[in-house]
Amino acid sequence: DCPNRQEILGTLKQVQKLLSAHEASCLQSLRNLRKKINSLQSSAGKQIAKPVNSTCPKLDAPINGRKLGKSHSVGHEVHFLCDHGYEIVGSESRVCQESLTWTGQHPTCRDFSECASSPCLNGGTCVDKVNKFSCVCAKGWAGETCQSPVPTFFITRTNTSAGSASAASTLPAATAGMHVRPSRCTTVQGTTHCTCEQGYTISGRDSYSCTDIDECEVFHNGPAGKLCLHKCINTAGGYRCSCPAGYNVTNGRSCKDIDECATRQNNCPKDQMCVNTYGGFQCVQVDCPKIPHATYVKTSPTRCERNPCPLDNRACSQTPNVFSYHYLAVVSNLSAPRVMFRISAQRKLGDMLRFTLLGGGQVRRHFTVQRSDHQTGQLMLVSPVQGPITLEAEVEMSELEKRVQLGRYLTKITMFVSQYEF
């Protein structure tokens, strides 16, 4: 009797578990052996007199920062971190060279000003705070960045005296073709007073007719700015605001994105994942990469892990251990600098982690990678991005032990930048 397909798959899974356990055991044995060798070298080195001037000059930690690494011997690295609310200027890492000099420049920690990008609009004053800012808005403006004009409504009155010409209107005359309504007039002691209902004004020469006020044009040119964040549509006696496709009107004037993924207003196939974006959505499908000498299996909808490598296959061991995929919705012209994504090691095997931004062109023009602590790196937006555009940033995290690579982890971050800023 031949085994069926399910029995064969079960057997293969057991073999894979055995291989994984064997690989983990071998790696642990190699680490233990490396530690014993290092210990023997250390104890043997203590008995040998150190040559004079065999180390680089001592490096001090920057003010408002700290230094990682105590050894100043040739080939050793030291790393510098800044305290919360400060950014590093200079070399993040320095290596002791054969010439007994350090690579790079000694770093300093500079106060990170959230107001450096002038986020407050329309004459607002920025107040710097720890990792955030607030805006003191000028008169007639409101909102987090003073981006919203405070709506004002006019009721225009024009008084006329009997037998005399009408007084000038306080608002410009309406254009031809607008709605016209009669005014309400009363005569007191021989003097006639005419008024219009809200949204209308006395028209030019005819003191008894009221024409519609185009609020969109008046507020567009007035000190309070626009009434609507996107588009203003004039109506008889008033106005209304509209938003582009993919947005709903909120608070009568703002625009809020519609989450097509949460409300099931999308047409993504079952084998694809729906990602909500500002003004729309994207259907994405994560396929594990095909790389020579290595195979990958999907362990979650956005994560692919490498199958165990044979012990004698060095090419396989040099390939990335994990590929992870992340998708972000970003508004156009987002203020910078700004942290967009953080990458951290779940468990630490080596003595150092290295974070690298891969690729070039637009990615390096808009992004950089910085270390926030010993085990965490962060993708930083350094200049605003004008949408609509899709950007892909790839960050590599390398795990090192005595400068020997133990593992590589690739994080692919796709950003869908919208056309609009709200």
# chains A, B, ... in the order shown; residues from 1 in each chain; ligands from 1
>>> residues_around(residues="A:Leu410", least_positions_apart="6", cutoff="6 Å", atoms="only C-alpha atoms", output="list in words")
Phe323, Val395 and Glu396 of chain A
>>> write_last_selection(atoms="C-alpha atoms", output="PDB file, in the first residue's frame")
ATOM      1  CA  PHE A 323      11.156  39.145   4.140  1.00  0.00           C
ATOM      2  CA  VAL A 395      15.425  48.487   4.970  1.00  0.00           C
ATOM      3  CA  GLU A 396      17.915  45.741   5.807  1.00  0.00           C
TER       4      GLU A 396
END
>>> residues_around(residues="A:Lys412", least_positions_apart="2", cutoff="8 Å", atoms="only C-alpha atoms", output="JSON, numbers by chain")
{"A": [323, 324, 325, 326, 392, 393, 394, 395, 410, 414]}
>>> residues_around(residues="A:Leu391", least_positions_apart="5", cutoff="10 Å", atoms="only C-alpha atoms", output="list in words")
Leu328, Gln362, Val363, His366, Val385, Ile413, Thr414, Met415, Phe416 and Val417 of chain A
>>> residues_around(residues="A:Ser418", least_positions_apart="6", cutoff="10 Å", atoms="only C-alpha atoms", output="PyMOL selection string")
chain A and resi 277-280+329-333+385-390
>>> closest_residue(among="A:Thr263, A:Pro384, A:Pro289, A:Glu92", to="A:Val369", atoms="only C-alpha atoms")
A:Glu92
>>> atom_distance(atom1="atom CA of A:Gln318", atom2="atom CA of A:Tyr296")
13.7 Å
>>> select_by_dssp(residues="stretch 75-322 of chain A", states="strand (DSSP E or B)", output="JSON, numbers by chain")
{"A": [77, 78, 79, 80, 81, 82, 86, 87, 88, 89, 93, 94, 95, 96, 102, 108, 109, 110, 111, 125, 126, 127, 128, 129, 132, 133, 134, 135, 136, 141, 142, 148, 149, 157, 158, 159, 180, 181, 182, 184, 185, 186, 187, 188, 191, 192, 193, 194, 195, 200, 201, 202, 209, 210, 211, 212, 231, 232, 233, 234, 235, 238, 239, 240, 241, 242, 247, 248, 249, 250, 254, 255, 256, 257, 273, 274, 275, 276, 277, 280, 281, 282, 283, 284, 291, 294, 296, 297, 298, 299, 300, 303, 304, 305, 306, 322]}
>>> residues_around(residues="stretch 247-258 of chain A", least_positions_apart="3", cutoff="6 Å", atoms="only C-alpha atoms", output="PyMOL selection string")
chain A and resi 228-229+241+243-244+278-279
>>> closest_residue(among="A:Thr235, A:Thr125, A:Ser383, A:Ser93", to="A:Leu68", atoms="only C-alpha atoms")
A:Ser93
>>> closest_residue(among="A:Cys2, A:Asn321, A:His79, A:Ile233", to="A:Arg354", atoms="only C-alpha atoms")
A:His79
>>> closest_residue(among="A:Gln375, A:Gln370, A:Asn307, A:Asn267", to="A:Lys17", atoms="only C-alpha atoms")
A:Asn307
>>> residues_around(residues="A:Ala294", least_positions_apart="5", cutoff="10 Å", atoms="only C-alpha atoms", output="number ranges by chain")
A: 289, 306-310, 313, 315-321
>>> atom_distance(atom1="atom CA of A:Lys139", atom2="atom CA of A:Glu197")
27.2 Å
>>> residues_around(residues="A:Cys283", least_positions_apart="2", cutoff="12 Å", atoms="only C-alpha atoms", output="list of chain:residue names")
A:Glu260, A:Cys261, A:Asn266, A:Asn267, A:Cys268, A:Pro269, A:Lys270, A:Asp271, A:Gln272, A:Met273, A:Cys274, A:Val275, A:Asn276, A:Thr277, A:Gly280, A:Phe281, A:Gln285, A:Val286, A:Tyr327, A:Phe416
>>> select_by_dssp(residues="stretch 13-105 of chain A", states="helix (DSSP H, G or I)", output="NGL selection string")
:A and (13-46)
